[in-house]
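Visitor: Got a structure for you, target-v4.cif, holding mmCIF, C-alpha atoms.
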data_upload
loop_
_atom_site.label_atom_id
_atom_site.label_comp_id
_atom_site.auth_asym_id
_atom_site.auth_seq_id
_atom_site.Cartn_x
_atom_site.Cartn_y
_atom_site.Cartn_z
CA MET Q 694 -18.71 -6.94 6.17
CA LYS Q 695 -20.13 -5.57 2.93
CA TYR Q 696 -17.69 -5.44 -0.02
CA LEU Q 697 -15.29 -7.75 1.84
CA GLN Q 698 -17.19 -10.94 2.68
CA GLU Q 699 -18.65 -11.49 -0.80
CA TYR Q 700 -15.13 -11.47 -2.22
CA ARG Q 701 -13.97 -14.23 0.12
CA ASP Q 702 -16.43 -16.91 -1.04
CA PRO Q 703 -14.57 -20.27 -1.13
CA VAL Q 704 -16.99 -21.79 -3.69
CA LEU Q 705 -16.28 -19.01 -6.19
CA ALA Q 706 -12.56 -19.23 -5.37
CA ARG Q 707 -12.55 -22.92 -6.37
CA ARG Q 708 -14.30 -22.06 -9.65
CA LEU Q 709 -11.73 -19.36 -10.40
CA LEU Q 710 -8.92 -21.83 -9.71
CA ALA Q 711 -10.53 -24.39 -12.03
CA GLU Q 712 -10.88 -21.71 -14.72
CA LEU Q 713 -7.21 -20.80 -14.24
CA ARG Q 714 -6.17 -24.44 -14.69
CA ALA Q 715 -8.23 -24.60 -17.88
CA THR Q 716 -6.71 -21.35 -19.20
CA ALA Q 717 -3.01 -21.73 -18.43
CA THR Q 718 -1.10 -23.81 -20.97
CA ALA Q 719 2.40 -22.46 -20.20
CA PRO Q 720 4.32 -21.36 -17.11
CA TRP Q 721 3.94 -17.66 -16.29
CA THR Q 722 5.50 -15.42 -13.64
CA ILE Q 723 3.34 -12.62 -12.25
CA MET Q 724 4.32 -9.96 -9.73
CA GLU Q 725 1.81 -8.49 -7.30
CA VAL Q 726 3.13 -5.03 -6.60
CA CYS Q 727 1.40 -4.22 -3.33
CA GLY Q 728 2.28 -5.54 0.12
CA GLY Q 729 -1.42 -5.71 1.03
CA GLN Q 730 -1.90 -8.14 -1.86
CA THR Q 731 1.17 -10.15 -0.77
CA HIS Q 732 -0.41 -10.42 2.67
CA THR Q 733 -3.67 -11.89 1.28
CA ILE Q 734 -1.85 -14.21 -1.15
CA VAL Q 735 0.45 -15.68 1.49
CA ARG Q 736 -2.10 -15.76 4.32
CA GLN Q 737 -4.67 -17.56 2.16
CA GLY Q 738 -2.03 -19.71 0.48
CA ILE Q 739 -3.25 -18.55 -2.94
CA ASP Q 740 0.25 -18.91 -4.44
CA GLU Q 741 0.27 -22.60 -3.44
CA LEU Q 742 -3.18 -23.28 -4.95
CA LEU Q 743 -2.32 -21.94 -8.39
CA PRO Q 744 -1.86 -24.36 -11.29
CA ALA Q 745 1.69 -25.68 -11.67
CA GLY Q 746 3.86 -23.17 -13.48
CA ILE Q 747 1.95 -20.05 -12.45
CA ARG Q 748 4.35 -18.35 -10.09
CA MET Q 749 3.68 -15.25 -8.00
CA ILE Q 750 6.59 -13.08 -7.05
CA HIS Q 751 6.15 -10.48 -4.40
CA GLY Q 752 6.89 -6.88 -5.28
CA PRO Q 753 8.30 -3.80 -3.58
CA GLY Q 754 4.94 -2.27 -2.59
CA CYS Q 755 5.52 -2.13 1.14
CA PRO Q 756 6.04 1.48 2.27
CA VAL Q 757 7.52 0.37 5.58
CA CYS Q 758 10.11 -1.70 3.69
CA VAL Q 759 11.28 0.80 1.09
CA THR Q 760 11.54 3.95 3.22
CA PRO Q 761 15.29 4.65 3.03
CA LEU Q 762 17.47 3.97 6.03
CA GLU Q 763 18.70 7.56 5.91
CA ILE Q 764 15.13 8.80 6.55
CA ILE Q 765 14.69 6.37 9.47
CA ASP Q 766 17.98 7.56 10.99
CA ARG Q 767 16.94 11.19 10.45
CA ALA Q 768 13.57 10.45 12.09
CA LEU Q 769 15.39 8.92 15.09
CA ALA Q 770 17.66 11.97 15.39
CA ILE Q 771 14.74 14.42 15.23
CA ALA Q 772 12.54 12.36 17.58
CA ALA Q 773 15.31 12.33 20.20
CA ARG Q 774 15.14 16.13 20.55
CA PRO Q 775 13.39 17.21 23.79
CA ASP Q 776 11.43 19.98 22.03
CA VAL Q 777 9.88 17.55 19.52
CA ILE Q 778 6.72 15.46 19.56
CA PHE Q 779 7.36 12.90 16.83
CA THR Q 780 4.25 11.41 15.18
CA SER Q 781 4.03 8.45 12.83
CA TYR Q 782 1.85 5.69 11.47
CA GLY Q 783 2.15 2.79 13.93
CA ASP Q 784 3.89 0.33 11.62
CA MET Q 785 6.96 2.59 11.23
CA LEU Q 786 7.87 2.31 14.92
CA ARG Q 787 9.68 -1.02 14.70
CA VAL Q 788 11.54 -0.32 11.45
CA PRO Q 789 15.22 -0.81 12.24
CA GLY Q 790 17.49 2.19 11.76
CA THR Q 791 21.27 2.00 11.88
CA SER Q 792 21.03 1.88 15.67
CA GLY Q 793 17.63 1.21 17.19
CA ASP Q 794 14.09 2.11 16.18
CA LEU Q 795 11.43 4.67 17.14
CA LEU Q 796 9.82 2.27 19.62
CA SER Q 797 13.02 1.82 21.64
CA LEU Q 798 13.59 5.58 21.49
CA LYS Q 799 10.09 6.04 22.94
CA ALA Q 800 10.90 3.51 25.68
CA ARG Q 801 13.91 5.66 26.57
CA GLY Q 802 11.65 8.69 27.07
CA ALA Q 803 11.33 10.37 23.67
CA ASP Q 804 7.85 11.74 22.91
CA VAL Q 805 6.90 9.47 20.00
CA ARG Q 806 3.18 9.15 19.29
CA VAL Q 807 1.25 6.90 16.91
CA VAL Q 808 -1.47 8.64 14.92
CA TYR Q 809 -4.32 7.06 12.97
CA THR Q 810 -4.37 9.89 10.43
CA PRO Q 811 -1.95 12.75 9.71
CA LEU Q 812 -4.71 15.24 10.63
CA ASP Q 813 -4.27 14.00 14.23
CA ALA Q 814 -0.65 15.20 14.08
CA VAL Q 815 -1.87 18.70 13.12
CA ARG Q 816 -4.32 18.61 16.05
CA ILE Q 817 -1.49 17.61 18.42
CA ALA Q 818 0.46 20.63 17.14
CA GLN Q 819 -2.52 22.91 17.82
CA GLU Q 820 -2.82 21.49 21.36
CA ASN Q 821 0.92 21.87 22.07
CA PRO Q 822 1.89 25.33 20.83
CA GLY Q 823 5.17 25.28 22.79
CA ARG Q 824 6.43 22.08 21.11
CA GLU Q 825 7.48 21.18 17.58
CA VAL Q 826 5.32 18.41 16.10
CA VAL Q 827 6.87 16.38 13.28
CA PHE Q 828 5.00 13.83 11.16
CA LEU Q 829 6.80 11.04 9.29
CA ALA Q 830 5.11 11.36 5.89
CA VAL Q 831 5.88 8.10 4.11
CA GLY Q 832 3.98 5.76 1.83
CA PHE Q 833 2.86 5.36 -1.77
CA GLU Q 834 0.25 7.31 -3.73
CA THR Q 835 -2.37 6.00 -1.26
CA THR Q 836 -1.14 7.97 1.76
CA ALA Q 837 0.20 10.99 -0.17
CA PRO Q 838 -3.23 12.70 -0.47
CA ALA Q 839 -3.78 12.38 3.31
CA ASN Q 840 -0.32 13.72 4.07
CA ALA Q 841 -0.87 16.55 1.56
CA MET Q 842 -4.10 17.48 3.32
CA ALA Q 843 -2.31 17.64 6.69
CA VAL Q 844 0.11 20.23 5.26
CA LEU Q 845 -2.72 22.17 3.57
CA HIS Q 846 -4.75 22.12 6.80
CA ALA Q 847 -1.77 23.29 8.89
CA ALA Q 848 -1.15 26.11 6.40
CA SER Q 849 -4.78 27.26 6.27
CA SER Q 850 -5.07 27.08 10.09
CA GLY Q 851 -1.84 29.01 10.66
CA VAL Q 852 -0.20 26.10 12.54
CA ARG Q 853 3.52 26.88 12.45
CA ASN Q 854 4.88 24.31 14.92
CA PHE Q 855 4.07 21.45 12.50
CA SER Q 856 6.41 19.95 9.93
CA VAL Q 857 6.72 16.77 7.88
CA LEU Q 858 9.64 14.47 7.20
CA VAL Q 859 8.71 13.39 3.67
CA SER Q 860 9.74 10.20 1.91
CA HIS Q 861 6.94 9.36 -0.50
CA VAL Q 862 7.44 6.80 -3.25
CA LEU Q 863 5.65 6.19 -6.56
CA VAL Q 864 4.74 2.84 -8.12
CA PRO Q 865 5.18 3.36 -11.90
CA PRO Q 866 8.92 4.30 -11.76
CA ALA Q 867 9.57 1.27 -9.56
CA ILE Q 868 7.96 -1.23 -11.93
CA THR Q 869 9.76 0.44 -14.83
CA ALA Q 870 13.05 -0.03 -12.95
CA LEU Q 871 12.18 -3.69 -12.31
CA MET Q 872 11.46 -4.27 -16.00
CA ASP Q 873 14.76 -2.58 -16.92
CA GLU Q 874 16.75 -5.13 -14.91
CA PRO Q 875 18.25 -7.65 -17.36
CA GLU Q 876 17.48 -10.63 -15.11
CA THR Q 877 13.85 -9.69 -14.50
CA GLN Q 878 11.47 -12.66 -14.47
CA VAL Q 879 8.25 -10.65 -14.33
CA GLN Q 880 5.87 -11.31 -17.24
CA ALA Q 881 2.79 -9.54 -15.88
CA PHE Q 882 1.91 -7.17 -13.05
CA LEU Q 883 -1.04 -6.99 -10.70
CA ALA Q 884 -1.16 -3.23 -10.06
CA ALA Q 885 -2.12 -2.01 -6.60
CA GLY Q 886 -5.86 -1.31 -6.53
CA HIS Q 887 -5.82 1.50 -4.02
CA VAL Q 888 -2.86 3.30 -5.58
CA CYS Q 889 -4.91 3.27 -8.80
CA ALA Q 890 -8.04 4.42 -6.91
CA VAL Q 891 -6.07 7.64 -6.33
CA MET Q 892 -4.00 7.85 -9.54
CA GLY Q 893 -6.12 6.00 -12.09
CA TRP Q 894 -4.33 3.71 -14.55
CA ALA Q 895 -3.43 5.89 -17.55
CA GLU Q 896 0.22 6.07 -16.41
CA TYR Q 897 0.52 2.25 -16.70
CA GLU Q 898 -0.55 2.17 -20.36
CA PRO Q 899 2.85 3.32 -21.75
CA ILE Q 900 4.58 0.76 -19.49
CA ALA Q 901 2.40 -2.10 -20.74
CA ALA Q 902 3.05 -1.02 -24.34
CA ALA Q 903 6.80 -0.39 -24.00
CA TYR Q 904 7.65 -3.65 -22.20
CA GLY Q 905 4.90 -5.83 -23.66
CA VAL Q 906 3.79 -6.62 -20.12
CA PRO Q 907 0.13 -7.04 -19.09
CA VAL Q 908 -0.96 -4.91 -16.12
CA VAL Q 909 -4.15 -5.78 -14.24
CA VAL Q 910 -5.41 -3.28 -11.64
CA THR Q 911 -6.40 -5.65 -8.83
CA GLY Q 912 -8.18 -5.52 -5.46
CA PHE Q 913 -7.18 -7.09 -2.17
CA GLU Q 914 -9.64 -9.85 -1.33
CA PRO Q 915 -9.00 -13.47 -2.33
CA LEU Q 916 -11.49 -13.44 -5.23
CA ASP Q 917 -10.07 -10.11 -6.46
CA LEU Q 918 -6.56 -11.59 -6.55
CA LEU Q 919 -7.66 -14.84 -8.23
CA GLU Q 920 -9.61 -12.91 -10.86
CA GLY Q 921 -6.65 -10.52 -11.35
CA ILE Q 922 -4.32 -13.49 -11.86
CA LEU Q 923 -6.83 -15.08 -14.29
CA MET Q 924 -7.07 -11.83 -16.29
CA ALA Q 925 -3.26 -11.58 -16.44
CA VAL Q 926 -2.93 -15.24 -17.54
CA ARG Q 927 -5.57 -14.76 -20.25
CA GLN Q 928 -3.60 -11.78 -21.60
CA LEU Q 929 -0.34 -13.75 -21.53
CA GLU Q 930 -1.94 -16.77 -23.23
CA GLU Q 931 -3.47 -14.55 -25.93
CA GLY Q 932 -0.29 -12.51 -26.43
CA ARG Q 933 -1.90 -9.26 -25.29
CA ALA Q 934 -0.19 -6.62 -23.12
CA GLU Q 935 -2.86 -4.18 -21.97
CA VAL Q 936 -3.98 -2.44 -18.82
CA GLU Q 937 -7.17 -4.03 -17.51
CA ASN Q 938 -9.17 -3.19 -14.40
CA GLN Q 939 -10.30 -6.03 -12.16
CA TYR Q 940 -11.10 -3.67 -9.27
CA ALA Q 941 -13.87 -1.76 -11.06
CA ARG Q 942 -15.89 -1.18 -7.89
CA ALA Q 943 -13.22 1.18 -6.52
CA VAL Q 944 -11.05 2.30 -9.45
CA ARG Q 945 -11.84 4.61 -12.38
CA ARG Q 946 -9.44 5.30 -15.23
CA SER Q 947 -8.92 8.94 -14.19
CA GLY Q 948 -8.54 8.05 -10.49
CA ASN Q 949 -9.45 10.56 -7.79
CA THR Q 950 -8.79 13.96 -9.34
CA ALA Q 951 -9.45 15.92 -6.11
CA ALA Q 952 -6.75 13.88 -4.35
CA GLN Q 953 -4.36 14.30 -7.31
CA ASP Q 954 -4.87 18.10 -7.25
CA ALA Q 955 -3.91 18.29 -3.55
CA MET Q 956 -0.86 16.06 -4.14
CA ARG Q 957 0.29 18.23 -7.05
CA ARG Q 958 -0.06 21.39 -4.95
CA VAL Q 959 1.85 20.16 -1.91
CA PHE Q 960 4.39 17.81 -3.49
CA GLN Q 961 6.66 17.64 -6.51
CA VAL Q 962 8.29 14.64 -8.13
CA THR Q 963 11.84 13.98 -6.94
CA ASP Q 964 14.53 11.30 -7.16
CA ARG Q 965 14.26 8.80 -4.32
CA THR Q 966 16.41 6.04 -2.89
CA TRP Q 967 14.43 2.86 -2.13
CA ARG Q 968 15.67 0.86 0.82
CA GLY Q 969 17.08 -2.43 -0.40
CA ILE Q 970 16.76 -1.40 -4.07
CA GLY Q 971 18.75 1.82 -4.44
CA PRO Q 972 18.19 5.15 -6.18
CA ILE Q 973 15.42 5.36 -8.80
CA PRO Q 974 15.10 8.62 -10.77
CA ALA Q 975 11.84 10.59 -10.38
CA SER Q 976 10.39 7.86 -8.15
CA GLY Q 977 9.25 9.89 -5.16
CA LEU Q 978 7.56 13.00 -3.90
CA GLY Q 979 9.06 15.85 -1.87
CA LEU Q 980 7.52 19.13 -0.73
CA SER Q 981 6.92 21.73 -3.44
CA PRO Q 982 8.62 25.15 -3.03
CA GLU Q 983 5.31 26.68 -1.85
CA PHE Q 984 5.34 24.41 1.22
CA ALA Q 985 9.10 24.14 1.79
CA GLY Q 986 8.63 25.88 5.15
CA TYR Q 987 6.98 22.67 6.44
CA ASP Q 988 10.01 20.51 5.70
CA ALA Q 989 11.33 18.92 8.91
CA GLU Q 990 14.56 18.05 7.10
CA THR Q 991 15.53 21.73 6.84
CA ARG Q 992 13.91 22.79 10.12
CA PHE Q 993 16.02 20.37 12.19
CA ALA Q 994 19.74 20.09 11.46
CA VAL Q 995 20.88 16.65 12.59
CA GLY Q 996 24.43 16.64 11.22
CA ASP Q 997 25.89 13.95 9.03
CA LEU Q 998 24.18 10.57 9.22
CA VAL Q 999 26.25 7.44 8.74
CA THR Q 1000 23.93 4.60 7.73
CA ARG Q 1001 24.64 0.90 7.95
CA GLU Q 1002 22.40 -2.06 7.06
CA SER Q 1003 22.54 -5.46 8.74
CA PRO Q 1004 25.00 -7.55 6.67
CA ASP Q 1005 22.82 -10.68 7.16
CA CYS Q 1006 19.69 -9.18 5.57
CA ILE Q 1007 18.72 -9.93 1.93
CA ALA Q 1008 15.85 -7.38 1.86
CA GLY Q 1009 16.97 -5.96 -1.50
CA ASP Q 1010 16.61 -9.31 -3.25
CA ILE Q 1011 13.24 -9.89 -1.53
CA LEU Q 1012 11.93 -6.49 -2.68
CA ARG Q 1013 13.09 -7.09 -6.27
CA GLY Q 1014 11.45 -10.51 -6.19
CA THR Q 1015 14.66 -12.38 -7.05
CA ARG Q 1016 14.70 -14.34 -3.76
CA VAL Q 1017 12.07 -15.35 -1.19
CA PRO Q 1018 12.33 -15.03 2.61
CA THR Q 1019 12.95 -18.75 3.08
CA ASP Q 1020 16.17 -18.32 1.06
CA CYS Q 1021 17.57 -16.19 3.91
CA ALA Q 1022 19.68 -17.80 6.64
CA ALA Q 1023 18.51 -15.24 9.22
CA TYR Q 1024 14.78 -15.74 8.45
CA GLY Q 1025 12.89 -16.99 11.51
CA LYS Q 1026 16.14 -17.36 13.45
CA THR Q 1027 17.88 -14.05 14.21
CA CYS Q 1028 15.21 -12.19 12.22
CA THR Q 1029 11.56 -12.32 13.39
CA PRO Q 1030 8.76 -9.70 13.58
CA ARG Q 1031 9.78 -9.04 17.19
CA THR Q 1032 13.47 -8.65 16.33
CA PRO Q 1033 13.54 -7.63 12.65
CA LEU Q 1034 16.92 -7.25 10.94
CA GLY Q 1035 15.32 -5.75 7.86
CA ALA Q 1036 12.19 -3.77 7.14
CA PRO Q 1037 10.28 -6.53 5.23
CA MET Q 1038 10.01 -8.42 8.55
CA VAL Q 1039 8.35 -5.45 10.28
CA SER Q 1040 4.97 -4.75 8.76
CA SER Q 1041 2.38 -7.35 7.77
CA GLU Q 1042 2.69 -5.85 4.29
CA GLY Q 1043 6.33 -6.94 4.22
CA THR Q 1044 6.97 -10.23 2.42
CA CYS Q 1045 9.13 -11.65 5.24
CA ALA Q 1046 6.53 -10.88 7.92
CA ALA Q 1047 3.77 -12.26 5.69
CA PHE Q 1048 5.73 -15.52 5.30
CA PHE Q 1049 6.55 -15.68 9.03
CA ASN Q 1050 2.96 -15.01 10.13
CA ALA Q 1051 1.70 -17.73 7.77
CA GLY Q 1052 4.11 -20.18 9.42
CA ARG Q 1053 6.30 -20.72 6.37
CA THR Q 1054 9.56 -22.30 7.44
CA LEU Q 1055 13.02 -22.73 5.92
CA GLU Q 1056 11.97 -26.27 5.00
CA HIS Q 1057 8.90 -24.91 3.18
CA ARG Q 1058 10.73 -24.55 -0.12
CA MET T 785 -0.57 1.99 7.20
CA CYS T 786 -1.25 1.04 3.64
CA LEU T 787 -4.51 -0.81 4.11
CA GLY T 788 -7.79 0.40 2.64
CA ILE T 789 -11.08 -0.68 4.20
CA PRO T 790 -14.62 -0.18 2.87
CA GLY T 791 -17.13 1.42 5.24
CA ARG T 792 -20.51 3.16 5.10
CA ILE T 793 -20.92 6.88 5.77
CA VAL T 794 -23.36 7.33 8.68
CA THR T 795 -23.05 11.06 9.42
CA LEU T 796 -21.70 14.18 7.72
CA ASP T 797 -20.28 16.89 9.96
CA GLY T 798 -21.63 19.86 8.02
CA ASP T 799 -19.51 22.90 7.29
CA THR T 800 -16.07 21.69 8.37
CA ASP T 801 -12.91 22.38 6.41
CA PRO T 802 -11.76 19.87 5.34
CA ARG T 803 -15.06 17.97 4.89
CA THR T 804 -15.48 15.24 7.52
CA GLY T 805 -17.99 12.61 8.60
CA THR T 806 -18.35 9.34 10.47
CA VAL T 807 -17.87 6.00 8.72
CA ASP T 808 -19.14 2.68 10.04
CA PHE T 809 -16.84 -0.33 9.57
CA ASP T 810 -19.14 -3.21 10.51
CA GLY T 811 -20.02 -1.61 13.87
CA LEU T 812 -16.77 0.23 14.48
CA ARG T 813 -17.26 3.96 13.84
CA ARG T 814 -14.44 6.34 13.00
CA PRO T 815 -14.16 9.99 11.99
CA VAL T 816 -13.07 10.18 8.35
CA CYS T 817 -11.95 13.06 6.14
CA LEU T 818 -14.23 13.24 3.08
CA ALA T 819 -12.42 16.08 1.30
CA TYR T 820 -11.50 13.79 -1.62
CA THR T 821 -15.00 12.36 -2.06
CA PRO T 822 -17.07 15.56 -2.25
CA GLU T 823 -19.88 13.64 -3.98
CA ALA T 824 -20.26 11.06 -1.17
CA GLU T 825 -23.50 11.11 0.80
CA ILE T 826 -24.84 9.36 3.89
CA GLY T 827 -25.33 5.66 3.10
CA ASP T 828 -22.56 5.55 0.48
CA TYR T 829 -19.67 3.12 0.87
CA VAL T 830 -16.17 4.57 0.66
CA ILE T 831 -12.68 3.04 0.75
CA VAL T 832 -10.81 4.57 3.70
CA HIS T 833 -7.03 4.87 3.94
CA VAL T 834 -5.35 6.47 7.01
CA GLY T 835 -8.58 8.29 7.89
CA PHE T 836 -9.29 9.55 4.36
CA ALA T 837 -11.95 8.35 1.94
CA ILE T 838 -10.03 7.88 -1.32
CA SER T 839 -12.76 6.28 -3.43
CA LEU T 840 -16.52 5.89 -3.57
CA VAL T 841 -17.52 2.23 -4.00
CA ASP T 842 -19.53 1.76 -7.20
CA GLU T 843 -22.38 -0.61 -6.25
CA GLU T 844 -23.19 -1.50 -9.86
CA GLU T 845 -19.58 -2.42 -10.63
CA ALA T 846 -19.36 -4.40 -7.39
CA ALA T 847 -22.44 -6.40 -8.39
CA ARG T 848 -21.14 -6.85 -11.95
CA THR T 849 -17.83 -8.31 -10.72
CA LEU T 850 -19.70 -10.82 -8.56
CA ALA T 851 -22.04 -11.71 -11.43
CA VAL T 852 -19.04 -12.44 -13.68
CA LEU T 853 -17.49 -14.64 -11.01
CA ARG T 854 -20.76 -16.50 -10.39
CA ALA T 855 -21.13 -17.13 -14.12
CA ILE T 856 -17.92 -19.18 -14.21
CA PRO T 857 -19.07 -22.79 -14.45
CA ASP T 858 -18.22 -25.06 -11.56
CA ALA T 859 -15.95 -27.80 -12.90
CA ILE T 860 -17.49 -30.41 -10.60
CA GLU T 861 -21.07 -29.39 -11.43
CA THR T 862 -20.21 -29.50 -15.14
CA GLU T 863 -18.61 -32.91 -14.73
CA LEU T 864 -21.56 -34.39 -12.88
CA GLY T 865 -24.22 -32.82 -15.11
CA PRO T 866 -27.50 -31.24 -13.96
#
Will you turn the file into structure tokens for me?
Guide:
Amino acid sequence: MKYLQEYRDPVLARRLLAELRATATAPWTIMEVCGGQTHTIVRQGIDELLPAGIRMIHGPGCPVCVTPLEIIDRALAIAARPDVIFTSYGDMLRVPGTSGDLLSLKARGADVRVVYTPLDAVRIAQENPGREVVFLAVGFETTAPANAMAVLHAASSGVRNFSVLVSHVLVPPAITALMDEPETQVQAFLAAGHVCAVMGWAEYEPIAAAYGVPVVVTGFEPLDLLEGILMAVRQLEEGRAEVENQYARAVRRSGNTAAQDAMRRVFQVTDRTWRGIGPIPASGLGLSPEFAGYDAETRFAVGDLVTRESPDCIAGDILRGTRVPTDCAAYGKTCTPRTPLGAPMVSSEGTCAAFFNAGRTLEHR
Amino acid sequence: MCLGIPGRIVTLDGDTDPRTGTVDFDGLRRPVCLAYTPEAEIGDYVIVHVGFAISLVDEEEAARTLAVLRAIPDAIETELGP
């Protein structure tokens, strides 16, 4: 497949690894922010091929993992209503709430439907004028433009039986919060290529400067990741802390301004609690006042929600990169992708599921 | 959800709002919203996320990245000489 296969060439991968070995003279710890990158790194075993001392830690960039428990519980309460058709991206269905998940609710008869794109949810609303159609609008800056367009399209088409349960999150405030933690081990970041395809990379420049931390905008194929790691190591070795772009074929400095305009119209920046991490100021998006009428949270009163996480789950430490899945006693035993205790075991973008699917065991350490 | 895949635009739907078309992913064809890539034409490659093209693939930059990677000397070749 064009633009994928060329970036999986094992011969070039070996050369990049040799170049990395020749470049690295000291141990360095690098965080890949995005769950899609974690998936490639673990699946291909890239972290195990790196020169001794170069350590990858896996970041919080898994939307399935960081969507707050309160939103999942609210989604479950709304989806249980008989007048509601609840729509979602497929990988949210198994995310554990305080009691149960959307998939088990569907099995008990609730009308929960997986959509490929949020525009499908608007179409379902048009086809079912007597029902309320709710879309679970989660994700990072990559899905926000799509979810914004669904709201804009519903508004321009006069679709009133459509609403969104919004819990968008933003990358820059999260990496700032990680760098503010006194025990942080991160010395460089691989920024998420597709988030930057939308947002550009100007907002990472003050972070690189303030914390003296190199940021390399990186793609998702094995050669992209190896080159991103090499660029980060070169910066660390040379004492530079800049924003560089490895993923030049898809990312421009200004990003996608048409997508940013739609996001700015539909959403506004808000405080957000990250599952496993906690509240981070100005780290999310909620509906702007102009589109407040599309907010499922106000349209459906669900009463007080009492949330409770599994006491055995160490998802917070996994998402902050301070521990790995094989440090967890429940990993692979009571917690598997079929019976996840925590969200990082649900989606392939989650670090726990990535480890499990690559066959990493408790003895792997 | 958060996976972006490159594909080639094979048809444009004309005067739809938002702008839509069909994108070919190595034989698998899907309708895609092209509202955020107004400059994209048939034959262009775009990165698609949840049914939306979020970026036009820059062919020159793609080739340049590969050229840089191919220019890295192979340690074994260097060791063994020409």
Visitor: Determine the residue set returned by the PyMOL selection byres ((chain Q) within 9 of (chain T)) for the present structure, and present it as a ChimeraX atom specification.
Guide: /Q:694-697,699-700,704-709,711-712,728-729,755-757,782-785,809-812,832-833,835-836,838-839,842,846,887,890-891,913,916,920,939-944,948-952,1040,1042
Visitor: One decimal, Å: what's the distance from CA of Met724 (chain Q) over to CA of Pro866 (chain Q), could you say?
Guide: 15.1 Å
Visitor: Quick check, in Å to one decimal: how far apart do CA of Asp828 (chain T) and CA of Glu914 (chain Q) lie?
Guide: 20.2 Å
Visitor: Using the chain letters and numbering of this document, enumerate as an MDAnalysis selection string the residues selected by the PyMOL selection byres ((chain Q and resi 722) around 10).
Guide: chainID Q and resid 720:721 723:724 746:750 878:882 925:926 929
Visitor: Taking only C-alpha atoms into account, which of Q:Ala800, Q:Ala1008, Q:Ala818, Q:Val859 comes nearest Leu978 (chain Q)?
Guide: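 Of all the options, Q:Val859 lies closest to Leu978 (chain Q).
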Visitor: So how many Å separate CA of Gly921 (chain Q) and CA of Ser947 (chain Q), to one decimal?
Guide: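 About the pair CA of Gly921 (chain Q) and CA of Ser947 (chain Q): they are 19.8 Å apart.
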Visitor: Expand the PyMOL selection byres ((chain Q and resi 1000-1003) around 8) into the individual residues it matches in the shown file, reporting them as a list in words.
Guide: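 Evaluating the PyMOL selection byres ((chain Q and resi 1000-1003) around 8) on these coordinates yields Leu762, Glu763, Asp766, Gly790, Thr791, Leu998, Val999, Pro1004, Asp1005, Cys1006, Leu1034 and Gly1035 of chain Q.
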Visitor: Using all atoms of region 811-817 of chain T that appear in the file, construct an axis-aligned enclosing box with 5 Å of padding on every side and provide its centre coordinates and edge lengths in Å, rounded to one decimal, as JSON.
Guide:
{"center_x": -16.0, "center_y": 5.7, "center_z": 10.3, "size_x": 18.1, "size_y": 24.7, "size_z": 18.3}
Visitor: Nearest to Asp917 (chain Q) among Q:Ala884, Q:Ile900, Q:Ala934, Q:Ala717, with distances taken over only C-alpha atoms: which residue is it?
Guide: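 The closest residue to Asp917 (chain Q) is Q:Ala884.
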Visitor: I need the residue nearest Asp1010 (chain Q) from this list: Q:Arg968, Q:Arg701, Q:Ile771, Q:Val826. Use all atoms listed in the file for the distance.
Guide: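 Looking at the shortest contact to Asp1010 (chain Q), the residue is Q:Arg968.
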Visitor: At a cut-off of 10 Å, using all atoms listed in the file, what residues contact Ser1041 (chain Q)? Leave out same-chain residues fewer than 2 positions from it and give the result as a list in words.
Guide: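 So the residues in contact are Gly728, Gly729, Thr731, His732, Thr733, Cys755, Val757, Asp784, Pro1030, Pro1037, Met1038, Val1039, Gly1043, Thr1044, Cys1045, Ala1046, Ala1047, Phe1048, Phe1049 and Asn1050 of chain Q; Met785 of chain T.
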